[in-house]
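Input: a single structure, listed below in structure tokens.
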Amino acid sequence: MAQTETPTRLEALKEATKVADNITRLIPYRPGKPVAEVERELGITGIIKLASNENSLGPSPKALTAIHDYASKMHVYPDASSFELRNALSAHLNVSPDTLVLGNGSDDIIHLLGVTFLEEGDEVIQAYPSFVRYEAAAILNNAPCHLVPLTSDWVHDLDAMAERINKNTRLIFITNPNNPTGTIVSAEALKRFIAKVPERVLVVIDEAYYEYAAPAPEYADTLDYVRAGENVVVLRTFSKIYGLAGLRVGYGVMRPDIANWLHQTREPFNLNLMAQVSAVAALADTEHLSKTVEMNEAGKTEFYRVLEELGLEYVPTYGNFIWFDTGKESPAVFQALLREGVIVRTGDVFGAPTYLRVTVGTQAENTKFLNALRKVLSSL
């Protein structure tokens, strides 16, 4: 007579600690490969990372000074209200301090929006491909997330997104400029879209690359919607142009009543002391900002020239990165570029298997990448 096998204690513990079904559907975020990891794997040095849209000029010198000045105070808890940064942003943006919510990166605000406003039966709409954390906020709160494909020009299809709105829609995410494509929705298109959105819906406009796109005349001033009291949340960050990605500083601008609900759910010390003082200093460093914009514009021009020379299709960008078609399987191009000491981002994770996304860096970094790209594409 066959004996029934008795589960081990470890198996029993694993079975007892199973998580909710929605957690099993989450796909962990895949960050760009760190330089140190590639150096360990390949045994090479002099690697450049153009995968995460960081500022290749580094942080603001004023931010570095602020870090140095406050280093001796790191044993003290930070200001839970981020008073100094909140007021600096208020003056910089011409908005009331009570419209601001600070976070551990703008990802933190996305998470808070899901926790605060999504309940059973609610739905979320976002474009695809776009930033993956919107869908994660929906899944974490058991809300279906509808992924609406971009147009053939890699732009948000706002008409199609409007058609997906129903009585259960609660959050709509619009990334402007979009990541990974670098495209924008125009001020006029956004205005028409928001006019169609029911009162129950919050429109979240993620402007992580705002400072790069703002000079364009067709780019929207979305803070006007907040000032007018609309159901619009604008997200921005210090991780990109300000060069503070390692400190994680993001913020949202919204109507005060919406902000108050997020303050109910956010962690009390979600923005550390060094992040707060560095962001205040970086915000005032207009020289560093200008140098970064100039570097980016020059880099974009060079990228366009070489990509056209190589006969590769690319998408004109409003950010600090380029989305282009290699004509080959991007993982193979990625691996070959790694061996040349260049880290980029593959398009397969965004549903575009022959595309790459590459950050615009310094002139030296751009030259190294473009030379490597020529070599790699000629050999594959």
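Convention: chains lettered A, B, ... in structure tokens order; per-chain residue numbering from 1; ligands numbered from 1 as shown.
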Strand (DSSP E) residues, from DSSP on the backbone, in region 110-233 of chain A, as a ChimeraX atom specification: /A:123-128,145-149,169-175,202-206,232-233
Would you mind exporting the chosen residues as a CSV table (one decimal), in the first residue's frame, restricted to N, CA, C and O atoms?
chain,number,residue,atom,x,y,z
A,123,GLU,N,-10.7,51.2,-12.1
A,123,GLU,CA,-9.8,50.8,-13.2
A,123,GLU,C,-8.8,51.9,-13.6
A,123,GLU,O,-9.1,53.1,-13.2
A,124,VAL,N,-7.7,51.6,-14.2
A,124,VAL,CA,-6.7,52.5,-14.5
A,124,VAL,C,-6.4,52.4,-16.1
A,124,VAL,O,-6.6,51.4,-16.7
A,125,ILE,N,-6.1,53.5,-16.6
A,125,ILE,CA,-5.7,53.6,-18.1
A,125,ILE,C,-4.3,54.2,-18.2
A,125,ILE,O,-4.0,55.2,-17.6
A,126,GLN,N,-3.5,53.6,-19.1
A,126,GLN,CA,-2.2,54.2,-19.4
A,126,GLN,C,-1.9,53.9,-20.8
A,126,GLN,O,-2.5,53.0,-21.5
A,127,ALA,N,-0.9,54.6,-21.4
A,127,ALA,CA,-0.4,54.2,-22.7
A,127,ALA,C,0.6,53.1,-22.7
A,127,ALA,O,1.1,52.8,-21.6
A,128,TYR,N,0.8,52.5,-23.8
A,128,TYR,CA,1.8,51.4,-23.9
A,128,TYR,C,2.6,51.5,-25.3
A,128,TYR,O,1.9,51.6,-26.3
A,145,CYS,N,-5.6,47.4,-15.3
A,145,CYS,CA,-4.9,48.5,-15.9
A,145,CYS,C,-5.0,48.3,-17.4
A,145,CYS,O,-4.5,47.3,-18.0
A,146,HIS,N,-5.7,49.2,-18.1
A,146,HIS,CA,-5.8,49.1,-19.6
A,146,HIS,C,-4.7,49.8,-20.3
A,146,HIS,O,-4.5,51.0,-20.1
A,147,LEU,N,-3.9,49.0,-21.1
A,147,LEU,CA,-2.8,49.5,-21.8
A,147,LEU,C,-3.2,49.9,-23.2
A,147,LEU,O,-3.6,49.0,-24.0
A,148,VAL,N,-3.2,51.2,-23.5
A,148,VAL,CA,-3.6,51.7,-24.8
A,148,VAL,C,-2.4,51.9,-25.7
A,148,VAL,O,-1.6,52.7,-25.4
A,149,PRO,N,-2.3,51.2,-26.8
A,149,PRO,CA,-1.1,51.3,-27.7
A,149,PRO,C,-0.9,52.8,-28.1
A,149,PRO,O,-1.8,53.5,-28.4
A,169,THR,N,-13.5,53.9,-14.3
A,169,THR,CA,-12.2,54.6,-14.4
A,169,THR,C,-11.9,55.5,-13.3
A,169,THR,O,-12.7,56.4,-13.0
A,170,ARG,N,-10.7,55.4,-12.7
A,170,ARG,CA,-10.4,56.2,-11.5
A,170,ARG,C,-9.1,57.0,-11.8
A,170,ARG,O,-9.0,58.2,-11.4
A,171,LEU,N,-8.1,56.4,-12.4
A,171,LEU,CA,-6.8,57.0,-12.6
A,171,LEU,C,-6.4,56.9,-14.1
A,171,LEU,O,-6.6,55.8,-14.7
A,172,ILE,N,-6.0,58.0,-14.7
A,172,ILE,CA,-5.4,57.9,-16.1
A,172,ILE,C,-4.0,58.5,-16.0
A,172,ILE,O,-3.8,59.6,-15.5
A,173,PHE,N,-3.0,57.8,-16.5
A,173,PHE,CA,-1.6,58.2,-16.5
A,173,PHE,C,-1.2,58.6,-17.9
A,173,PHE,O,-1.4,57.9,-18.8
A,174,ILE,N,-0.7,59.9,-18.0
A,174,ILE,CA,-0.1,60.4,-19.2
A,174,ILE,C,1.3,60.8,-19.0
A,174,ILE,O,1.6,61.6,-18.1
A,175,THR,N,2.3,60.2,-19.7
A,175,THR,CA,3.7,60.5,-19.5
A,175,THR,C,4.1,61.5,-20.6
A,175,THR,O,4.0,61.2,-21.8
A,202,LEU,N,-9.1,61.0,-11.9
A,202,LEU,CA,-7.9,61.8,-11.7
A,202,LEU,C,-6.9,61.6,-12.9
A,202,LEU,O,-6.6,60.4,-13.3
A,203,VAL,N,-6.5,62.6,-13.6
A,203,VAL,CA,-5.6,62.6,-14.7
A,203,VAL,C,-4.2,62.9,-14.1
A,203,VAL,O,-4.0,64.0,-13.6
A,204,VAL,N,-3.3,61.9,-14.2
A,204,VAL,CA,-1.9,62.1,-13.6
A,204,VAL,C,-1.0,62.3,-14.8
A,204,VAL,O,-0.8,61.4,-15.6
A,205,ILE,N,-0.3,63.5,-14.8
A,205,ILE,CA,0.6,63.8,-15.9
A,205,ILE,C,2.0,63.7,-15.4
A,205,ILE,O,2.4,64.6,-14.6
A,206,ASP,N,2.7,62.7,-15.8
A,206,ASP,CA,4.1,62.5,-15.3
A,206,ASP,C,5.1,63.3,-16.2
A,206,ASP,O,5.3,62.9,-17.4
A,232,VAL,N,-6.4,67.1,-11.8
A,232,VAL,CA,-5.1,66.9,-12.5
A,232,VAL,C,-4.0,66.8,-11.4
A,232,VAL,O,-3.9,67.7,-10.6
A,233,VAL,N,-3.1,65.8,-11.5
A,233,VAL,CA,-2.0,65.7,-10.7
A,233,VAL,C,-0.7,65.8,-11.6
A,233,VAL,O,-0.7,65.0,-12.6
Backbone DSSP call of helix (DSSP H, G or I) for region 55-298 of chain A, listed as a PyMOL selection string: chain A and resi 61-73+83-93+97-99+106-117+133-140+158-163+187-196+210-213+223-227+256-265+273-283+286-298
One-decimal distance in Å that lies between CA of Asn55 (chain A) and CA of Leu310 (chain A):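 Atom-to-atom, CA of Leu310 (chain A) to CA of Asn55 (chain A), that is 26.2 Å.
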Given only C-alpha atoms, how would the per-residue table for region 224-301 of chain A near region 311-323 of chain A read, listing every residue at most 12 Å away with its closest atom pair and distance in Å to one decimal, sorted by chain and number, as a Markdown table?
| residue | atom | partner | partner_atom | distance |
| --- | --- | --- | --- | --- |
| A:Lys240 | CA | A:Asn320 | CA | 8.6 |
| A:Ile241 | CA | A:Asn320 | CA | 8.5 |
| A:Thr292 | CA | A:Asn320 | CA | 9.6 |
| A:Val293 | CA | A:Asn320 | CA | 8.8 |
| A:Glu294 | CA | A:Asn320 | CA | 11.0 |
| A:Met295 | CA | A:Asn320 | CA | 9.6 |
| A:Asn296 | CA | A:Asn320 | CA | 6.1 |
| A:Glu297 | CA | A:Asn320 | CA | 8.5 |
| A:Ala298 | CA | A:Asn320 | CA | 10.8 |
| A:Gly299 | CA | A:Asn320 | CA | 8.8 |
| A:Lys300 | CA | A:Ile322 | CA | 7.8 |
| A:Thr301 | CA | A:Pro316 | CA | 9.9 |
Resulting file, chosen residues, N, CA, C and O atoms, as a PDB file, in the first residue's frame:
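What follows is the written file out01.pdb:
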ATOM      1  N   LYS A 240      16.337  63.498 -12.880  1.00  0.00           N
ATOM      2  CA  LYS A 240      16.806  63.590 -14.262  1.00  0.00           C
ATOM      3  C   LYS A 240      17.709  64.806 -14.448  1.00  0.00           C
ATOM      4  O   LYS A 240      18.899  64.745 -14.234  1.00  0.00           O
ATOM      5  N   ILE A 241      17.170  65.927 -14.863  1.00  0.00           N
ATOM      6  CA  ILE A 241      18.013  67.066 -15.206  1.00  0.00           C
ATOM      7  C   ILE A 241      18.795  67.604 -14.008  1.00  0.00           C
ATOM      8  O   ILE A 241      19.913  68.104 -14.149  1.00  0.00           O
ATOM      9  N   THR A 292      23.239  71.725 -18.688  1.00  0.00           N
ATOM     10  CA  THR A 292      22.692  70.407 -19.005  1.00  0.00           C
ATOM     11  C   THR A 292      21.818  70.459 -20.256  1.00  0.00           C
ATOM     12  O   THR A 292      21.913  69.586 -21.125  1.00  0.00           O
ATOM     13  N   VAL A 293      20.976  71.488 -20.347  1.00  0.00           N
ATOM     14  CA  VAL A 293      20.122  71.639 -21.529  1.00  0.00           C
ATOM     15  C   VAL A 293      20.970  71.827 -22.779  1.00  0.00           C
ATOM     16  O   VAL A 293      20.705  71.218 -23.838  1.00  0.00           O
ATOM     17  N   GLU A 294      22.005  72.649 -22.689  1.00  0.00           N
ATOM     18  CA  GLU A 294      22.896  72.878 -23.834  1.00  0.00           C
ATOM     19  C   GLU A 294      23.590  71.584 -24.252  1.00  0.00           C
ATOM     20  O   GLU A 294      23.692  71.278 -25.455  1.00  0.00           O
ATOM     21  N   MET A 295      24.061  70.819 -23.284  1.00  0.00           N
ATOM     22  CA  MET A 295      24.707  69.541 -23.578  1.00  0.00           C
ATOM     23  C   MET A 295      23.731  68.606 -24.280  1.00  0.00           C
ATOM     24  O   MET A 295      24.077  67.931 -25.261  1.00  0.00           O
ATOM     25  N   ASN A 296      22.505  68.585 -23.801  1.00  0.00           N
ATOM     26  CA  ASN A 296      21.506  67.684 -24.368  1.00  0.00           C
ATOM     27  C   ASN A 296      21.154  68.064 -25.808  1.00  0.00           C
ATOM     28  O   ASN A 296      21.033  67.196 -26.685  1.00  0.00           O
ATOM     29  N   GLU A 297      20.986  69.353 -26.058  1.00  0.00           N
ATOM     30  CA  GLU A 297      20.630  69.796 -27.414  1.00  0.00           C
ATOM     31  C   GLU A 297      21.750  69.477 -28.403  1.00  0.00           C
ATOM     32  O   GLU A 297      21.493  69.015 -29.525  1.00  0.00           O
ATOM     33  N   ALA A 298      22.982  69.692 -27.982  1.00  0.00           N
ATOM     34  CA  ALA A 298      24.118  69.372 -28.857  1.00  0.00           C
ATOM     35  C   ALA A 298      24.200  67.875 -29.102  1.00  0.00           C
ATOM     36  O   ALA A 298      24.453  67.421 -30.229  1.00  0.00           O
ATOM     37  N   GLY A 299      23.967  67.096 -28.064  1.00  0.00           N
ATOM     38  CA  GLY A 299      24.010  65.636 -28.196  1.00  0.00           C
ATOM     39  C   GLY A 299      22.918  65.104 -29.100  1.00  0.00           C
ATOM     40  O   GLY A 299      23.158  64.210 -29.925  1.00  0.00           O
ATOM     41  N   LYS A 300      21.719  65.644 -28.966  1.00  0.00           N
ATOM     42  CA  LYS A 300      20.618  65.224 -29.831  1.00  0.00           C
ATOM     43  C   LYS A 300      20.958  65.463 -31.302  1.00  0.00           C
ATOM     44  O   LYS A 300      20.730  64.597 -32.163  1.00  0.00           O
ATOM     45  N   THR A 301      21.507  66.625 -31.596  1.00  0.00           N
ATOM     46  CA  THR A 301      21.871  66.958 -32.979  1.00  0.00           C
ATOM     47  C   THR A 301      22.866  65.951 -33.542  1.00  0.00           C
ATOM     48  O   THR A 301      22.740  65.490 -34.684  1.00  0.00           O
TER      49      THR A 301
END
Residue contacts of Glu340 (chain A) (9 Å, only C-alpha atoms) excluding same-chain residues fewer than 4 positions away, as an MDAnalysis selection string: chainID A and resid 47 335:336 368:369 372 376
Among the residues A:Glu329, A:Tyr77, A:Asn104, A:Asp98, the one that comes closest to Val249 (chain A) [using only C-alpha atoms]: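 The shortest atom-to-atom distance to Val249 (chain A) comes from A:Asn104.
In this comparison, which uses only C-alpha atoms, the residue of A:Phe303, A:Glu84, A:Pro129, A:Asp108 approaching Val349 (chain A) most closely is A:Pro129.
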For Ile139 (chain A): contacts at 10 Å, only C-alpha atoms, fewer than 5 positions along chain excluded, given as a PyMOL selection string: chain A and resi 21-27+114+123-124+133-134+144-145
Among the residues A:Gln276, A:Thr183, A:Asn176, A:Thr237, the one that comes closest to Ser81 (chain A) [using only C-alpha atoms]: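 Result for the nearest residue to Ser81 (chain A): A:Gln276.
Reported to one decimal place, the separation of CA of Glu308 (chain A) from CA of Tyr355 (chain A) is 15.2 Å.
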Top pick for closest residue to Glu309 (chain A), considering A:Val38, A:Ala281, A:Ser330, A:Arg374 and counting only C-alpha atoms: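 Distance minimum relative to Glu309 (chain A) lands on A:Arg374.
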From A:Leu42, A:Leu338, A:Ala259, A:Val35, residue lying nearest Leu113 (chain A) [only C-alpha atoms]: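 Selected residue with least distance to Leu113 (chain A): A:Ala259.
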Nearest candidate to Ile194 (chain A) (options A:Ala16, A:Ala80, A:Leu223, A:Leu158; using only C-alpha atoms):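 Closest candidate: A:Leu158.
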